[in-house]
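A.B. asks: Take a look at this one; I'll ask things after.
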Amino acid sequence: MVEKKSKTAARKTSVAPGKIKEALRSLNGKPAIITFHSLGDLDACAGALALARFLGKEAMVAPPDRTNSESRRLLGAQLLDALSFEQARKRFPSAPVVLLDANDRSILPQFSKEGGGEDGPVFLLIDHHAPGADSVRAQIEWIDPQASSVCEMVGALVGPAGPESARWLIWGILSDSAQLVRADTRTFSMMADLLAKADMSYEEILHALEHPASPQARAAVLEGLRQAVWLHKGGLVVATAVVSSHESHVADALVRAGADAAFVGTQDGKGARISARLRPALSSRLDLPKIMRETGRIVGGDGGGHPCAAGASGPRWDKLESALFLAQRLFLERAPGGSNENGL
């Protein structure tokens, strides 16, 4: 039983599909394990906490491993006593599993050895990343790549939220949408509803969210800007760079600096990773997650993501340069206006 939404429907409404709401009602007041991807970010952790609060005290948030620094800073107290996914499965082996904010098996270590589908470990999947070749599947799925964040999707499910849950969801939406840069009318409507319940002003919520980047992150961005190579073609600018760390920060910075698209890679002895960013105005006319899926094959892995923010990874660290070249070429071939050369 799979619930899928067309792109047209996804843009018109923020109302969750009926079967998803029915699935949640079946979990209400019962043990349920809510999990997400490795190094859980604020969107994943906030969405999981809000969903657990909605389902009742028997529901538990179970990270597969550590959460990221932003999540620990804002939500650490709520996650302090959380069982790991492995501990939760041992203690409640028959509890249904809800997976949020990811379907790519490469970032889901808790499912690396388990199958998917009707006989797999996941009862319900709620995600805003398009499925790839190596996706964990669920008995019931709501996948909406047009959503700004999984917190936006959870907000559509939980209805009227208490002040604390509303703040969690706002933080998740702001974090994953680059403070509403990657947002649409649904996102703003959801934000208005949540702000009415948050018991804090928007200024106070932003102040709590804002935190200076670490010196290491700022240094990595500056180094990435120095290393960047760009190509101007058909009125478009695409930038690539290889950095030692913080590739997503560098990709964001390159687009903010003027690139229409940025592909930034890093490598070590274990593999290669690429972060991709796209100017929002191009997202409706170019499939960035598809470009990342094709790029991921070059490094022996897979890719995917959001319309404006995607990524790829794989074990072939020695193929990173080739993968970046392919990503650049695919962007220029497929972006509107990119086929007529007018520049370097």
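Scheme for the structure tokens: letters A, B, ... for chains in order shown; per-chain residue numbers from 1; ligand numbers from 1 in order shown.
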Considering only C-alpha atoms, return as a list in words whatever protein or nucleic-acid residues lie within 6 Å of A:Ser38, sequence-local ones (same chain, fewer than 5 positions apart) excluded.

C.D. replies: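 Non-adjacent residues within range: Pro64, Asp65, Ile107 and Leu108 of chain A.
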
A.B. asks: Keeping only N, CA, C and O atoms, take the residues you just selected and write them out as a PDB file, in the first residue's frame.

C.D. replies:
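Resulting contents of again17.pdb:
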ATOM      1  N   PRO A  64      19.790   6.797  14.700  1.00  0.00           N
ATOM      2  CA  PRO A  64      20.694   5.683  14.393  1.00  0.00           C
ATOM      3  C   PRO A  64      22.085   5.892  14.978  1.00  0.00           C
ATOM      4  O   PRO A  64      22.814   4.935  15.214  1.00  0.00           O
ATOM      5  N   ASP A  65      22.454   7.168  15.190  1.00  0.00           N
ATOM      6  CA  ASP A  65      23.768   7.502  15.738  1.00  0.00           C
ATOM      7  C   ASP A  65      23.692   8.931  16.255  1.00  0.00           C
ATOM      8  O   ASP A  65      22.619   9.396  16.644  1.00  0.00           O
ATOM      9  N   ILE A 107      22.701   6.490   3.861  1.00  0.00           N
ATOM     10  CA  ILE A 107      22.711   7.338   5.057  1.00  0.00           C
ATOM     11  C   ILE A 107      21.774   6.798   6.134  1.00  0.00           C
ATOM     12  O   ILE A 107      21.437   7.502   7.086  1.00  0.00           O
ATOM     13  N   LEU A 108      21.378   5.538   5.988  1.00  0.00           N
ATOM     14  CA  LEU A 108      20.489   4.887   6.948  1.00  0.00           C
ATOM     15  C   LEU A 108      21.156   3.606   7.454  1.00  0.00           C
ATOM     16  O   LEU A 108      20.777   2.496   7.062  1.00  0.00           O
TER      17      LEU A 108
END

A.B. asks: Quick check for you: according to DSSP on this backbone, which residues of stretch 53-260 of chain A are classed as helix (DSSP H, G or I)? Reply as a PyMOL selection string.

C.D. replies: chain A and resi 53-55+69-79+85-91+105-107+109-111+117-119+150-158+163-176+185-197+202-209+215-227+247-256

A.B. asks: What would the file look like if the residues just selected were written as a compact mmCIF listing (two decimals), in the first residue's frame with C-alpha atoms?

C.D. replies:
# COMPACT_ATOMS: atom_id res chain seq x y z
CA ARG A 53 4.59 14.32 20.93
CA PHE A 54 1.52 13.98 18.70
CA LEU A 55 1.43 10.16 18.90
CA SER A 69 25.60 20.19 16.27
CA GLU A 70 22.59 22.37 15.43
CA SER A 71 20.19 19.67 16.64
CA ARG A 72 22.16 19.14 19.82
CA ARG A 73 22.25 22.86 20.55
CA LEU A 74 18.51 23.46 20.10
CA LEU A 75 16.99 20.06 20.93
CA GLY A 76 19.63 18.37 23.08
CA ALA A 77 17.50 18.32 26.24
CA GLN A 78 14.65 16.53 24.43
CA LEU A 79 17.01 14.00 22.84
CA PHE A 85 17.56 2.69 17.06
CA GLU A 86 19.30 -0.59 17.87
CA GLN A 87 18.32 -0.34 21.56
CA ALA A 88 14.72 0.57 20.70
CA ARG A 89 14.35 -2.40 18.32
CA LYS A 90 15.71 -4.79 20.94
CA ARG A 91 13.38 -3.45 23.62
CA ARG A 105 20.17 3.39 2.32
CA SER A 106 23.68 4.88 2.28
CA ILE A 107 22.71 7.34 5.06
CA PRO A 109 22.88 2.53 8.76
CA GLN A 110 20.02 1.07 10.79
CA PHE A 111 18.61 -0.46 7.58
CA GLY A 117 8.58 -3.15 0.95
CA GLU A 118 5.70 -4.90 2.67
CA ASP A 119 7.98 -7.35 4.46
CA VAL A 150 9.96 17.08 6.49
CA CYS A 151 8.83 19.46 9.27
CA GLU A 152 6.45 21.07 6.79
CA MET A 153 5.00 17.63 6.06
CA VAL A 154 4.77 16.69 9.75
CA GLY A 155 3.06 20.02 10.41
CA ALA A 156 0.38 19.07 7.88
CA LEU A 157 -0.14 15.80 9.77
CA VAL A 158 -0.19 16.85 13.41
CA PRO A 163 3.82 25.93 21.58
CA GLU A 164 6.91 23.73 21.97
CA SER A 165 6.09 21.48 19.01
CA ALA A 166 5.29 24.55 16.91
CA ARG A 167 8.73 26.02 17.69
CA TRP A 168 10.45 22.74 16.83
CA LEU A 169 8.68 22.58 13.47
CA ILE A 170 9.46 26.23 12.68
CA TRP A 171 13.15 25.66 13.40
CA GLY A 172 13.18 22.59 11.15
CA ILE A 173 11.47 24.42 8.30
CA LEU A 174 13.78 27.43 8.54
CA SER A 175 16.89 25.26 8.74
CA ASP A 176 16.08 23.04 5.76
CA THR A 185 3.14 29.28 -0.73
CA ARG A 186 2.50 26.11 1.27
CA THR A 187 5.56 26.76 3.38
CA PHE A 188 4.54 30.33 4.21
CA SER A 189 1.02 29.19 5.04
CA MET A 190 2.40 26.52 7.38
CA MET A 191 4.76 29.04 8.98
CA ALA A 192 1.86 31.43 9.66
CA ASP A 193 -0.15 28.66 11.36
CA LEU A 194 2.81 27.54 13.47
CA LEU A 195 3.82 31.07 14.47
CA ALA A 196 0.29 31.66 15.77
CA LYS A 197 0.83 28.75 18.19
CA TYR A 202 9.45 35.44 14.94
CA GLU A 203 12.40 37.59 16.03
CA GLU A 204 12.86 35.45 19.17
CA ILE A 205 12.64 32.23 17.15
CA LEU A 206 15.23 33.47 14.64
CA HIS A 207 17.53 34.62 17.42
CA ALA A 208 17.47 31.12 18.94
CA LEU A 209 18.20 29.58 15.53
CA PRO A 215 35.90 29.03 12.62
CA GLN A 216 36.56 25.74 10.81
CA ALA A 217 33.38 26.10 8.71
CA ARG A 218 34.13 29.73 7.86
CA ALA A 219 37.71 28.87 6.90
CA ALA A 220 36.46 26.00 4.70
CA VAL A 221 34.05 28.34 2.90
CA LEU A 222 36.79 30.90 2.24
CA GLU A 223 39.13 28.19 0.97
CA GLY A 224 36.35 26.75 -1.20
CA LEU A 225 35.67 30.13 -2.78
CA ARG A 226 39.38 30.46 -3.53
CA GLN A 227 39.51 26.99 -5.11
CA GLU A 247 31.22 20.94 1.12
CA SER A 248 27.56 21.89 1.65
CA HIS A 249 28.55 25.24 3.21
CA VAL A 250 30.80 25.99 0.24
CA ALA A 251 28.10 25.07 -2.30
CA ASP A 252 25.62 27.38 -0.53
CA ALA A 253 28.19 30.20 -0.52
CA LEU A 254 28.92 29.82 -4.25
CA VAL A 255 25.23 30.18 -5.17
CA ARG A 256 24.87 33.16 -2.84

A.B. asks: Using DSSP on the backbone coordinates, identify all residues within stretch 18-182 of chain A classified as strand (DSSP E); present the result as a list in words.

C.D. replies: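 Restricting stretch 18-182 of chain A to strand (DSSP E) produces Ala32, Ile33, Ile34, Thr35, Ala59, Met60, Val61, Val97, Val98, Leu99, Leu100, Leu124, Leu125, Ile126, Asp127, Ile140, Glu141, Trp142 and Ile143 of chain A.
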
A.B. asks: Could you work out how far atom CA of A:Ala161 lies from atom CA of A:Ala198, giving the answer in Å with one decimal?

C.D. replies: 8.4 Å
